[in-house]
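*Asks:* Input file: structure_17.cif. Contents: mmCIF, C-alpha atoms.
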```cif
data_input
loop_
_atom_site.label_atom_id
_atom_site.label_comp_id
_atom_site.auth_asym_id
_atom_site.auth_seq_id
_atom_site.Cartn_x
_atom_site.Cartn_y
_atom_site.Cartn_z
CA MET A 24 8.01 23.65 19.12
CA GLY A 25 7.53 22.09 22.56
CA LEU A 26 4.79 19.75 23.62
CA ARG A 27 3.24 22.46 25.77
CA THR A 28 2.88 24.76 22.76
CA ILE A 29 1.23 22.00 20.76
CA LEU A 30 -1.14 21.28 23.63
CA ALA A 31 -2.01 24.96 23.90
CA ILE A 32 -2.64 25.32 20.20
CA GLY A 33 -4.13 21.92 19.58
CA LEU A 34 -6.46 21.52 22.54
CA PRO A 35 -9.20 24.05 21.75
CA ALA A 36 -9.46 23.30 18.06
CA PHE A 37 -8.66 19.59 17.75
CA PRO A 38 -8.91 17.75 21.07
CA HIS A 39 -8.20 14.41 19.37
CA ASN A 40 -4.86 15.73 18.09
CA VAL A 41 -3.51 15.79 21.62
CA LEU A 42 -4.47 12.20 22.18
CA LEU A 43 -2.63 11.16 19.05
CA VAL A 44 0.43 13.24 19.94
CA SER A 45 0.57 11.74 23.41
CA THR A 46 0.15 8.21 22.02
CA ALA A 47 3.04 8.83 19.67
CA THR A 48 5.16 10.07 22.57
CA THR A 49 4.55 7.08 24.81
CA SER A 50 5.15 4.60 22.02
CA SER A 51 8.44 6.26 21.14
CA SER A 52 9.63 6.37 24.73
CA ARG A 53 8.86 2.69 25.06
CA THR A 54 10.63 1.56 21.91
CA GLY A 55 13.49 4.02 22.22
CA THR A 56 15.25 4.94 19.03
CA THR A 57 15.83 1.42 17.72
CA ALA A 58 13.37 1.44 14.84
CA ILE A 59 11.55 4.75 15.20
CA GLY A 60 13.84 7.76 15.33
CA PRO A 61 12.64 11.01 16.83
CA ALA A 62 10.60 12.84 14.20
CA PRO A 63 9.22 16.36 14.53
CA PHE A 64 6.07 16.25 16.63
CA ALA A 65 3.86 17.99 14.12
CA ALA A 66 4.79 15.54 11.36
CA ARG A 67 4.49 12.63 13.75
CA ALA A 68 0.90 13.49 14.74
CA ALA A 69 -0.12 13.89 11.11
CA ILE A 70 1.51 10.56 10.17
CA THR A 71 -0.14 8.80 13.12
CA ARG A 72 -3.55 10.17 12.10
CA THR A 73 -3.11 8.99 8.51
CA ALA A 74 -1.83 5.58 9.67
CA ALA A 75 -4.89 5.22 11.93
CA GLY A 76 -7.14 6.03 8.96
CA ILE A 77 -5.35 3.43 6.86
CA GLY A 78 -5.82 0.98 9.75
CA LEU A 79 -9.59 1.57 9.65
CA TYR A 80 -9.59 0.83 5.94
CA ALA A 81 -7.41 -2.26 6.51
CA GLY A 82 -9.89 -3.63 9.06
CA ALA A 83 -12.85 -3.17 6.72
CA PHE A 84 -10.93 -4.53 3.75
CA GLY A 85 -9.68 -7.46 5.85
CA ILE A 86 -13.33 -8.37 6.51
CA THR A 87 -13.88 -8.40 2.73
CA PHE A 88 -10.90 -10.73 2.29
CA GLY A 89 -11.87 -13.04 5.16
CA ALA A 90 -15.44 -13.36 3.86
CA LEU A 91 -14.21 -14.12 0.32
CA ALA A 92 -11.73 -16.69 1.64
CA ALA A 93 -14.48 -18.41 3.63
CA ARG A 94 -16.78 -18.47 0.59
CA SER A 95 -13.91 -19.92 -1.46
CA GLY A 96 -13.69 -22.90 0.90
CA LEU A 97 -10.61 -21.86 2.87
CA SER A 98 -10.64 -22.61 6.59
CA LEU A 99 -10.35 -19.83 9.19
CA THR A 100 -6.74 -20.83 9.89
CA GLN A 101 -5.83 -20.79 6.19
CA ALA A 102 -7.40 -17.35 5.69
CA VAL A 103 -5.60 -15.95 8.74
CA ALA A 104 -2.32 -17.62 7.70
CA LEU A 105 -2.54 -15.76 4.39
CA SER A 106 -3.05 -12.38 6.09
CA ALA A 107 -0.45 -13.00 8.81
CA VAL A 108 2.29 -14.68 6.76
CA MET A 109 1.76 -13.60 3.15
CA TYR A 110 0.55 -10.11 4.21
CA THR A 111 0.17 -8.55 0.79
CA GLY A 112 -3.46 -7.90 -0.09
CA ALA A 113 -3.43 -8.05 -3.88
CA SER A 114 -1.64 -11.45 -3.91
CA GLN A 115 -4.05 -12.82 -1.30
CA PHE A 116 -7.10 -11.75 -3.31
CA ALA A 117 -5.56 -13.19 -6.49
CA LEU A 118 -4.81 -16.58 -4.89
CA VAL A 119 -8.23 -16.90 -3.28
CA GLY A 120 -9.94 -15.61 -6.45
CA VAL A 121 -8.29 -18.26 -8.63
CA LEU A 122 -9.15 -21.04 -6.16
CA ALA A 123 -12.77 -19.80 -5.88
CA ALA A 124 -13.12 -19.80 -9.68
CA GLY A 125 -11.98 -23.44 -9.72
CA GLY A 126 -8.57 -22.62 -11.19
CA SER A 127 -5.53 -24.79 -10.55
CA HIS A 128 -3.35 -24.33 -7.48
CA LEU A 129 -0.40 -23.61 -9.74
CA ALA A 130 -2.32 -20.77 -11.45
CA GLY A 131 -3.24 -19.34 -8.04
CA LEU A 132 0.34 -19.62 -6.84
CA SER A 133 1.81 -17.91 -9.91
CA ALA A 134 -0.76 -15.06 -9.78
CA ALA A 135 0.11 -14.47 -6.11
CA LEU A 136 3.87 -14.48 -6.81
CA LEU A 137 3.56 -12.24 -9.87
CA LEU A 138 1.60 -9.68 -7.84
CA GLY A 139 4.03 -10.09 -4.93
CA LEU A 140 6.92 -9.21 -7.21
CA ARG A 141 6.12 -5.49 -6.88
CA ASN A 142 7.10 -5.71 -3.19
CA ALA A 143 10.62 -6.61 -4.34
CA PHE A 144 10.67 -3.34 -6.30
CA TYR A 145 9.44 -1.52 -3.19
CA GLY A 146 12.59 -2.78 -1.48
CA VAL A 147 14.57 -0.10 -3.34
CA PRO A 148 12.87 2.98 -1.78
CA VAL A 149 12.34 1.21 1.57
CA THR A 150 16.03 0.27 1.91
CA ARG A 151 17.07 3.80 0.97
CA ILE A 152 14.91 5.27 3.75
CA LEU A 153 15.20 2.61 6.49
CA ARG A 154 18.71 1.25 5.82
CA PRO A 155 17.99 -2.05 7.61
CA ARG A 156 21.06 -4.17 8.35
CA GLY A 157 21.60 -7.83 9.26
CA TRP A 158 18.69 -9.66 10.84
CA ARG A 159 16.60 -6.47 10.80
CA ARG A 160 16.16 -6.97 7.09
CA MET A 161 14.16 -10.11 7.78
CA TRP A 162 11.79 -8.21 10.09
CA THR A 163 11.57 -5.10 7.88
CA ALA A 164 10.85 -7.18 4.75
CA HIS A 165 7.62 -8.55 6.21
CA PHE A 166 6.14 -5.04 6.49
CA VAL A 167 6.97 -3.94 2.94
CA VAL A 168 3.53 -3.39 1.39
CA ASP A 169 1.95 -0.73 -0.85
CA GLU A 170 0.69 1.44 1.99
CA SER A 171 3.80 1.40 4.21
CA THR A 172 6.07 2.11 1.22
CA ALA A 173 3.89 4.93 -0.11
CA MET A 174 3.69 6.53 3.34
CA ALA A 175 7.48 6.29 3.83
CA VAL A 176 8.24 7.71 0.37
CA ALA A 177 5.81 10.62 0.90
CA GLN A 178 7.78 12.02 3.87
CA PRO A 179 10.37 14.71 3.16
CA ALA A 180 12.89 13.52 5.80
CA PRO A 181 14.19 9.95 6.35
CA ARG A 182 13.30 10.03 10.07
CA ALA A 183 9.67 10.86 9.34
CA GLY A 184 9.81 8.24 6.56
CA ARG A 185 10.95 5.55 9.01
CA TYR A 186 8.20 6.47 11.46
CA ALA A 187 5.61 6.47 8.65
CA PHE A 188 6.76 3.03 7.47
CA TRP A 189 6.46 1.39 10.90
CA ALA A 190 3.31 3.22 12.02
CA THR A 191 1.54 2.28 8.79
CA GLY A 192 3.00 -1.22 8.40
CA ILE A 193 2.23 -2.36 11.96
CA THR A 194 -1.24 -0.75 12.21
CA LEU A 195 -2.18 -2.18 8.83
CA TYR A 196 -0.86 -5.65 9.77
CA ALA A 197 -2.78 -5.81 13.04
CA LEU A 198 -6.11 -4.61 11.63
CA TRP A 199 -5.83 -6.49 8.34
CA THR A 200 -5.33 -9.75 10.28
CA LEU A 201 -8.11 -8.97 12.79
CA GLY A 202 -10.44 -8.01 9.93
CA THR A 203 -9.64 -11.31 8.21
CA VAL A 204 -10.59 -13.25 11.36
CA ALA A 205 -13.90 -11.35 11.58
CA GLY A 206 -14.63 -11.76 7.86
CA ALA A 207 -13.83 -15.49 7.87
CA LEU A 208 -16.08 -16.01 10.91
CA ILE A 209 -19.00 -14.06 9.37
CA GLY A 210 -18.31 -15.73 5.99
CA GLY A 211 -21.30 -15.69 3.67
CA GLY A 212 -23.35 -13.68 6.15
CA ILE A 213 -22.01 -10.36 4.90
CA ASP A 214 -22.54 -8.71 1.51
CA THR A 215 -19.37 -6.62 1.23
CA SER A 216 -20.29 -5.18 -2.17
CA ALA A 217 -23.60 -3.82 -0.79
CA LEU A 218 -21.49 -2.00 1.81
CA GLY A 219 -19.46 -0.43 -1.01
CA LEU A 220 -16.26 -2.10 0.20
CA ASP A 221 -15.10 -2.88 -3.34
CA ALA A 222 -14.35 0.84 -3.70
CA ALA A 223 -12.11 0.74 -0.60
CA ALA A 224 -8.85 -0.47 -2.16
CA PRO A 225 -8.80 1.75 -5.29
CA ALA A 226 -9.83 4.78 -3.17
CA ILE A 227 -7.00 4.23 -0.66
CA PHE A 228 -4.42 3.55 -3.39
CA LEU A 229 -5.52 6.80 -5.07
CA ALA A 230 -5.22 8.65 -1.73
CA LEU A 231 -1.65 7.31 -1.30
CA LEU A 232 -0.79 8.22 -4.87
CA TRP A 233 -2.27 11.72 -4.73
CA PRO A 234 0.42 13.63 -2.75
CA GLN A 235 3.14 12.23 -5.02
CA LEU A 236 1.48 13.60 -8.14
CA SER A 237 2.63 17.12 -7.27
CA ARG A 238 5.89 16.32 -9.10
CA GLU A 239 5.59 16.59 -12.85
CA ARG A 240 7.74 13.53 -13.57
CA ALA A 241 5.55 11.50 -11.21
CA ARG A 242 2.47 12.62 -13.16
CA ALA A 243 4.16 11.54 -16.39
CA VAL A 244 5.04 8.14 -14.89
CA ALA A 245 1.47 7.69 -13.58
CA LEU A 246 0.03 8.48 -17.00
CA GLY A 247 2.46 6.11 -18.73
CA ALA A 248 1.72 3.35 -16.23
CA ALA A 249 -2.05 3.78 -16.68
CA VAL A 250 -1.71 3.53 -20.50
CA VAL A 251 0.53 0.42 -20.28
CA VAL A 252 -1.81 -1.33 -17.83
CA LEU A 253 -4.97 -0.52 -19.82
CA GLY A 254 -3.30 -1.81 -22.98
CA LEU A 255 -2.17 -5.08 -21.35
CA ILE A 256 -5.37 -6.05 -19.49
CA PRO A 257 -6.81 -8.30 -22.24
CA PHE A 258 -3.47 -9.96 -23.08
CA ALA A 259 -1.46 -10.51 -19.90
CA PRO A 260 -2.15 -12.84 -16.95
CA ALA A 261 -3.16 -11.29 -13.60
CA GLY A 262 -0.29 -9.41 -12.02
CA LEU A 263 1.78 -8.95 -15.16
CA PRO A 264 0.30 -5.53 -16.14
CA ILE A 265 1.38 -4.20 -12.72
CA ILE A 266 4.95 -5.45 -13.22
CA ALA A 267 4.93 -3.88 -16.69
CA ALA A 268 4.01 -0.58 -15.00
CA ALA A 269 7.24 -0.87 -12.98
CA ALA A 270 9.10 -0.79 -16.29
CA VAL A 271 7.68 2.71 -16.89
CA ALA A 272 9.17 3.91 -13.58
CA ILE A 273 12.52 2.26 -14.37
CA LEU A 274 12.62 3.82 -17.85
CA ALA A 275 11.85 7.25 -16.37
CA GLY A 276 14.64 6.68 -13.83
CA LEU A 277 17.08 5.95 -16.63
CA LEU A 278 16.43 9.29 -18.32
CA PRO A 279 19.26 11.84 -17.97
CA ALA A 280 19.51 13.64 -14.63
CA ARG A 281 18.96 17.02 -16.32
CA TRP A 282 15.41 16.07 -17.29
CA HIS A 283 14.68 15.11 -13.70
CA HIS A 284 16.17 18.30 -12.36
CA GLU A 285 14.16 20.50 -14.70
CA THR A 286 10.86 18.79 -14.05
CA GLN A 287 11.45 18.66 -10.31
CA CYS A 288 11.94 22.40 -10.10
CA GLN A 289 8.62 23.26 -11.70
CA MET B 6 -7.11 -29.87 2.08
CA ILE B 7 -3.41 -30.68 2.17
CA THR B 8 -2.89 -29.20 -1.29
CA VAL B 9 -4.69 -26.00 -0.21
CA TRP B 10 -2.33 -25.74 2.76
CA ALA B 11 0.68 -26.43 0.53
CA THR B 12 -0.40 -23.67 -1.89
CA VAL B 13 -1.08 -21.24 0.98
CA LEU B 14 2.34 -21.88 2.55
CA VAL B 15 4.41 -21.93 -0.65
CA ALA B 16 2.71 -18.74 -1.92
CA SER B 17 3.17 -17.03 1.47
CA LEU B 18 6.85 -17.94 1.78
CA GLY B 19 7.39 -17.00 -1.87
CA CYS B 20 5.84 -13.56 -1.36
CA TYR B 21 7.97 -13.05 1.75
CA GLY B 22 11.06 -14.12 -0.20
CA LEU B 23 10.31 -11.46 -2.82
CA LYS B 24 10.01 -8.79 -0.10
CA LEU B 25 13.27 -9.97 1.48
CA ALA B 26 15.08 -9.94 -1.88
CA GLY B 27 13.98 -6.31 -2.32
CA VAL B 28 15.40 -5.12 1.00
CA SER B 29 18.61 -7.14 0.54
CA LEU B 30 19.94 -5.14 -2.40
CA PRO B 31 23.60 -4.19 -1.86
CA GLN B 32 24.46 -0.61 -0.91
CA SER B 33 26.45 -0.15 -4.14
CA VAL B 34 23.31 -0.73 -6.19
CA LEU B 35 21.20 1.57 -4.01
CA ASN B 36 23.71 4.40 -4.16
CA HIS B 37 23.58 4.50 -7.95
CA PRO B 38 21.92 7.80 -8.99
CA ARG B 39 19.64 6.11 -11.48
CA VAL B 40 18.45 3.62 -8.88
CA GLN B 41 17.79 6.52 -6.49
CA ARG B 42 15.75 8.36 -9.12
CA THR B 43 13.78 5.20 -9.89
CA ALA B 44 13.10 4.50 -6.19
CA GLY B 45 10.57 7.32 -5.75
CA LEU B 46 8.86 6.56 -9.05
CA LEU B 47 8.22 2.84 -8.47
CA PRO B 48 5.39 3.34 -5.94
CA VAL B 49 3.83 5.94 -8.26
CA ALA B 50 3.77 3.50 -11.19
CA MET B 51 2.51 0.58 -9.14
CA LEU B 52 -0.17 2.43 -7.18
CA THR B 53 -1.47 3.77 -10.52
CA ALA B 54 -1.44 0.24 -11.92
CA LEU B 55 -3.37 -1.07 -8.90
CA VAL B 56 -6.01 1.66 -9.20
CA VAL B 57 -6.43 0.97 -12.94
CA THR B 58 -6.69 -2.82 -12.52
CA ASP B 59 -9.05 -2.49 -9.53
CA LEU B 60 -11.35 -0.30 -11.62
CA PHE B 61 -11.12 -1.74 -15.14
CA ASP B 62 -9.78 -5.31 -15.00
CA ALA B 63 -12.12 -8.27 -14.46
CA ASN B 64 -9.87 -11.34 -14.90
CA GLY B 65 -8.39 -10.15 -18.19
CA ARG B 66 -11.55 -8.49 -19.52
CA TYR B 67 -12.36 -4.79 -19.47
CA THR B 68 -14.97 -3.85 -16.93
CA ALA B 69 -16.57 -0.68 -15.59
CA ASP B 70 -18.65 -0.96 -12.45
CA TRP B 71 -20.44 2.38 -12.17
CA PRO B 72 -21.06 2.38 -8.40
CA THR B 73 -17.36 1.65 -7.78
CA LEU B 74 -16.29 4.35 -10.24
CA ALA B 75 -18.69 6.82 -8.57
CA GLY B 76 -17.22 5.97 -5.16
CA VAL B 77 -13.61 6.40 -6.26
CA GLY B 78 -14.62 9.56 -8.15
CA ALA B 79 -16.11 10.98 -4.94
CA GLY B 80 -12.85 10.04 -3.21
CA ALA B 81 -10.87 11.93 -5.86
CA VAL B 82 -13.01 15.04 -5.28
CA ALA B 83 -12.30 14.77 -1.54
CA LEU B 84 -8.57 14.52 -2.30
CA ARG B 85 -8.83 17.60 -4.51
CA PHE B 86 -10.11 19.45 -1.43
CA GLY B 87 -7.24 18.16 0.68
CA ARG B 88 -9.11 15.59 2.74
CA SER B 89 -7.28 12.77 4.53
CA PRO B 90 -7.24 9.10 3.38
CA VAL B 91 -9.79 8.10 6.03
CA VAL B 92 -12.30 10.67 4.73
CA VAL B 93 -11.60 9.50 1.17
CA PHE B 94 -12.13 5.87 2.19
CA LEU B 95 -15.40 6.53 4.06
CA LEU B 96 -16.79 8.78 1.32
CA ALA B 97 -15.86 6.27 -1.39
CA ILE B 98 -17.55 3.27 0.25
CA ALA B 99 -20.62 5.34 1.26
CA THR B 100 -21.01 6.66 -2.30
CA THR B 101 -20.60 3.18 -3.82
CA ALA B 102 -23.08 1.66 -1.35
CA ALA B 103 -25.60 4.44 -2.08
CA ALA B 104 -25.12 4.10 -5.86
CA ARG B 105 -25.74 0.33 -5.55
CA LEU B 106 -28.97 0.94 -3.67
CA VAL B 107 -30.41 3.16 -6.40
CA SER B 108 -29.10 1.28 -9.44
#
```
As structure tokens, what does this structure read like?

*Replies:*
Amino acid sequence: MGLRTILAIGLPAFPHNVLLVSTATTSSSRTGTTAIGPAPFAARAAITRTAAGIGLYAGAFGITFGALAARSGLSLTQAVALSAVMYTGASQFALVGVLAAGGSHLAGLSAALLLGLRNAFYGVPVTRILRPRGWRRMWTAHFVVDESTAMAVAQPAPRAGRYAFWATGITLYALWTLGTVAGALIGGGIDTSALGLDAAAPAIFLALLWPQLSRERARAVALGAAVVVLGLIPFAPAGLPIIAAAAVAILAGLLPARWHHETQCQ
Amino acid sequence: MITVWATVLVASLGCYGLKLAGVSLPQSVLNHPRVQRTAGLLPVAMLTALVVTDLFDANGRYTADWPTLAGVGAGAVALRFGRSPVVVFLLAIATTAAARLVS
């Protein structure tokens, strides 16, 4: 389908679609095919829209993080350094949470690393889809987070997966960091729980999880992971239940191929 | 102040190192069928784990914050009707904020 057809179809019903399509086109012509391969236009517009939505959430959630960091006694530079360099939300919240509660720096550090360990697991699907080589690995690694991985995995074709990874990873990075700056500047002046922002992260994670639950084996893994995590909450330190959930996925992956084939076809 | 900076930097570089280790797996490992099957399931398991801990884990104790649950529940209904993540996000925070006002 050509661009003209999309314009003709898209313009009357969804004027904003066209804007997003044209943005996607210019960005791809500027960057060439180095990181973002040509993906079908229809898929590209849908991915861009979703990535923009995730960016909005990232900005709002970044404000929550920045405000918490400021209340925990971190300076603006320290809060922004966490978002820009660490760039993995759950670890950042864990570190700042431990420091705010008066916990030791070592406890904060280990909670952050334990939660960050899941990003190493994400390397498996990300490397399969993006196939980064040489120095590109160092650049790609920085953008491996929950949202970019989930968006990449959700695409049926590797090209769309690559586009989804970069569109989501970069949008999220920019707005998460900007949100952190705003939140750290406002500091105690904002009541993020009154704004309902504590529902933001679980709602977005659920939205990213949702399309993948159409596969029966994924539903089984999700159920198993939920049971394991609920069982471990009172016993394991922060971050460990999430790593234990990875074991459920690995166990399911070890099951014979026939089981996977059968459940996938349903 | 210096120890805060040291913790921030060590934790940040450590988290980056974990990401880098993940994308540096050799091709022979990635091409293994079992690894390929596991790849798509890892985000499913970990997103589920994040949702469960966000909703029910308060530093190692069970918790249930009704406004948050109501917000995420509203988000789930929106997902059931095929809405996009941005709609889910806005509906979830609006519902939670409204539930906090009345409770």

*Asks:* Determine the residue set returned by the PyMOL selection byres ((chain B and resi 52-57) around 9) for the present structure, and present it as a compact mmCIF listing (two decimals) with C-alpha atoms, in the frame of the given file.

*Replies:*
```
# COMPACT_ATOMS: atom_id res chain seq x y z
CA ALA A 113 -3.43 -8.05 -3.88
CA ASP A 169 1.95 -0.73 -0.85
CA ALA A 173 3.89 4.93 -0.11
CA ALA A 224 -8.85 -0.47 -2.16
CA PRO A 225 -8.80 1.75 -5.29
CA ALA A 226 -9.83 4.78 -3.17
CA ILE A 227 -7.00 4.23 -0.66
CA PHE A 228 -4.42 3.55 -3.39
CA LEU A 229 -5.52 6.80 -5.07
CA LEU A 231 -1.65 7.31 -1.30
CA LEU A 232 -0.79 8.22 -4.87
CA VAL A 244 5.04 8.14 -14.89
CA ALA A 245 1.47 7.69 -13.58
CA LEU A 246 0.03 8.48 -17.00
CA ALA A 248 1.72 3.35 -16.23
CA ALA A 249 -2.05 3.78 -16.68
CA VAL A 251 0.53 0.42 -20.28
CA VAL A 252 -1.81 -1.33 -17.83
CA LEU A 253 -4.97 -0.52 -19.82
CA PRO A 264 0.30 -5.53 -16.14
CA ILE A 265 1.38 -4.20 -12.72
CA ILE A 266 4.95 -5.45 -13.22
CA ALA A 267 4.93 -3.88 -16.69
CA ALA A 268 4.01 -0.58 -15.00
CA ALA A 269 7.24 -0.87 -12.98
CA LEU B 47 8.22 2.84 -8.47
CA PRO B 48 5.39 3.34 -5.94
CA VAL B 49 3.83 5.94 -8.26
CA ALA B 50 3.77 3.50 -11.19
CA MET B 51 2.51 0.58 -9.14
CA THR B 58 -6.69 -2.82 -12.52
CA ASP B 59 -9.05 -2.49 -9.53
CA LEU B 60 -11.35 -0.30 -11.62
CA PHE B 61 -11.12 -1.74 -15.14
CA ASP B 62 -9.78 -5.31 -15.00
```

*Asks:* Skip Val40 of chain B itself and residues of its chain fewer than 2 positions away, then list as a ChimeraX atom specification all residues within 12 Å of it, counting all atoms listed in the file.

*Replies:* /A:144-148,150-151,272-278,280 /B:30-38,42-47

*Asks:* Any chance you could resolve the PyMOL selection byres ((chain A and resi 91) around 9) against this file and give the residues as a PyMOL selection string?

*Replies:* chain A and resi 86-90+92-97+116+119-120+123+206-207+210-211

*Asks:* Quick one, how far is atom CA of Thr215 of chain A from atom CA of Tyr67 of chain B?

*Replies:*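 Between atom CA of Thr215 of chain A and atom CA of Tyr67 of chain B the gap works out to 21.9 Å.
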
*Asks:* Kindly give the distance, in Å, that separates atom CA of Ala104 of chain A and atom CA of Arg156 of chain A, rounded to a single decimal.

*Replies:*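 Atom CA of Arg156 of chain A lies 27.0 Å from atom CA of Ala104 of chain A.
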
*Asks:* Excluding Ala104 of chain B and residues on its chain fewer than 6 positions from it, collect all residues at most 12 Å away from it, counting all atoms listed in the file, and give them as a ChimeraX atom specification.

*Replies:* /A:216-219,222 /B:70-77,79,96-98

*Asks:* Given all atoms listed in the file as the basis, pick out the residue of A:Ile193, A:Ile152, A:Leu201, A:Val176 nearest to chain B.

*Replies:*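 For chain B, the nearest of the given residues is A:Val176.
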
*Asks:* Under the rule that only C-alpha atoms are counted, which of A:Met161, A:Val103, A:Ala81, A:Ala65 is the nearest residue to chain B?

*Replies:*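 Looking only at the distances to chain B, the closest residue turns out to be A:Met161.
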
*Asks:* Separation of atom CA of Thr100 of chain B and atom CA of Ile77 of chain A, in Å?

*Replies:*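 Taking atom CA of Thr100 of chain B as the start and atom CA of Ile77 of chain A as the end point, the length is 18.4 Å.
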
*Asks:* Can you translate the PyMOL selection byres ((chain B and resi 10) around 10) into the concrete residues it hits in this file, as a list in words?

*Replies:*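 Listing what the PyMOL selection byres ((chain B and resi 10) around 10) selects in the shown file: Leu97, Ser98, Thr100, Gln101 and Ala104 of chain A; Met6, Ile7, Thr8, Val9, Ala11, Thr12, Val13, Leu14, Val15 and Ala16 of chain B.
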
*Asks:* Please produce a file of the residues just selected, as a PDB file, in the coordinates of the input, where the atoms kept are C-alpha atoms.

*Replies:*
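Now in result_29.pdb:
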```pdb
ATOM      1  CA  LEU A  97     -10.610 -21.860   2.870  1.00  0.00           C
ATOM      2  CA  SER A  98     -10.640 -22.610   6.590  1.00  0.00           C
ATOM      3  CA  THR A 100      -6.740 -20.830   9.890  1.00  0.00           C
ATOM      4  CA  GLN A 101      -5.830 -20.790   6.190  1.00  0.00           C
ATOM      5  CA  ALA A 104      -2.320 -17.620   7.700  1.00  0.00           C
TER       6      ALA A 104
ATOM      7  CA  MET B   6      -7.110 -29.870   2.080  1.00  0.00           C
ATOM      8  CA  ILE B   7      -3.410 -30.680   2.170  1.00  0.00           C
ATOM      9  CA  THR B   8      -2.890 -29.200  -1.290  1.00  0.00           C
ATOM     10  CA  VAL B   9      -4.690 -26.000  -0.210  1.00  0.00           C
ATOM     11  CA  ALA B  11       0.680 -26.430   0.530  1.00  0.00           C
ATOM     12  CA  THR B  12      -0.400 -23.670  -1.890  1.00  0.00           C
ATOM     13  CA  VAL B  13      -1.080 -21.240   0.980  1.00  0.00           C
ATOM     14  CA  LEU B  14       2.340 -21.880   2.550  1.00  0.00           C
ATOM     15  CA  VAL B  15       4.410 -21.930  -0.650  1.00  0.00           C
ATOM     16  CA  ALA B  16       2.710 -18.740  -1.920  1.00  0.00           C
TER      17      ALA B  16
END
```

*Asks:* Measuring atom to atom with all atoms listed in the file, identify which of A:Thr200, A:Asn142, A:Thr71, A:Gln115 is nearest to chain B.

*Replies:*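 Once distances to chain B are computed over all atoms listed in the file, the minimum belongs to A:Asn142.
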
*Asks:* Counting all atoms listed in the file, which residue out of B:Gly19, B:Val107, B:Phe94, B:Lys24 sits closest to Gly78 of chain B?

*Replies:* B:Phe94

*Asks:* For Ser89 of chain B, please output as number ranges by chain all residues within 9 Å (counting all atoms listed in the file; exclusion window: fewer than 2 positions along the same chain).

*Replies:* A: 72-73, 76, 230; B: 83-84, 87, 91-94

*Asks:* For C-alpha atoms, I'd like the residues from the last selection saved as an mmCIF file, keeping the file's coordinate frame.

*Replies:*
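As written to disk, out19.cif reads:
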```cif
data_model
loop_
_atom_site.group_PDB
_atom_site.id
_atom_site.type_symbol
_atom_site.label_atom_id
_atom_site.label_comp_id
_atom_site.auth_asym_id
_atom_site.auth_seq_id
_atom_site.Cartn_x
_atom_site.Cartn_y
_atom_site.Cartn_z
ATOM 1 C CA ARG A 72 -3.550 10.170 12.100
ATOM 2 C CA THR A 73 -3.110 8.990 8.510
ATOM 3 C CA GLY A 76 -7.140 6.030 8.960
ATOM 4 C CA ALA A 230 -5.220 8.650 -1.730
ATOM 5 C CA ALA B 83 -12.300 14.770 -1.540
ATOM 6 C CA LEU B 84 -8.570 14.520 -2.300
ATOM 7 C CA GLY B 87 -7.240 18.160 0.680
ATOM 8 C CA VAL B 91 -9.790 8.100 6.030
ATOM 9 C CA VAL B 92 -12.300 10.670 4.730
ATOM 10 C CA VAL B 93 -11.600 9.500 1.170
ATOM 11 C CA PHE B 94 -12.130 5.870 2.190
#
```

*Asks:* I'd like to know which of A:Phe84, A:Phe258, A:Phe188, A:Tyr196 is closest to Met174 of chain A, using only C-alpha atoms.

*Replies:*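 Ranked by minimum distance to Met174 of chain A, first place goes to A:Phe188.
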
*Asks:* Hey, what's within 8 Å of Leu23 of chain B if we count all atoms listed in the file and toss same-chain stuff fewer than 6 positions away? As number ranges by chain, please?

*Replies:* A: 139-140, 142-143
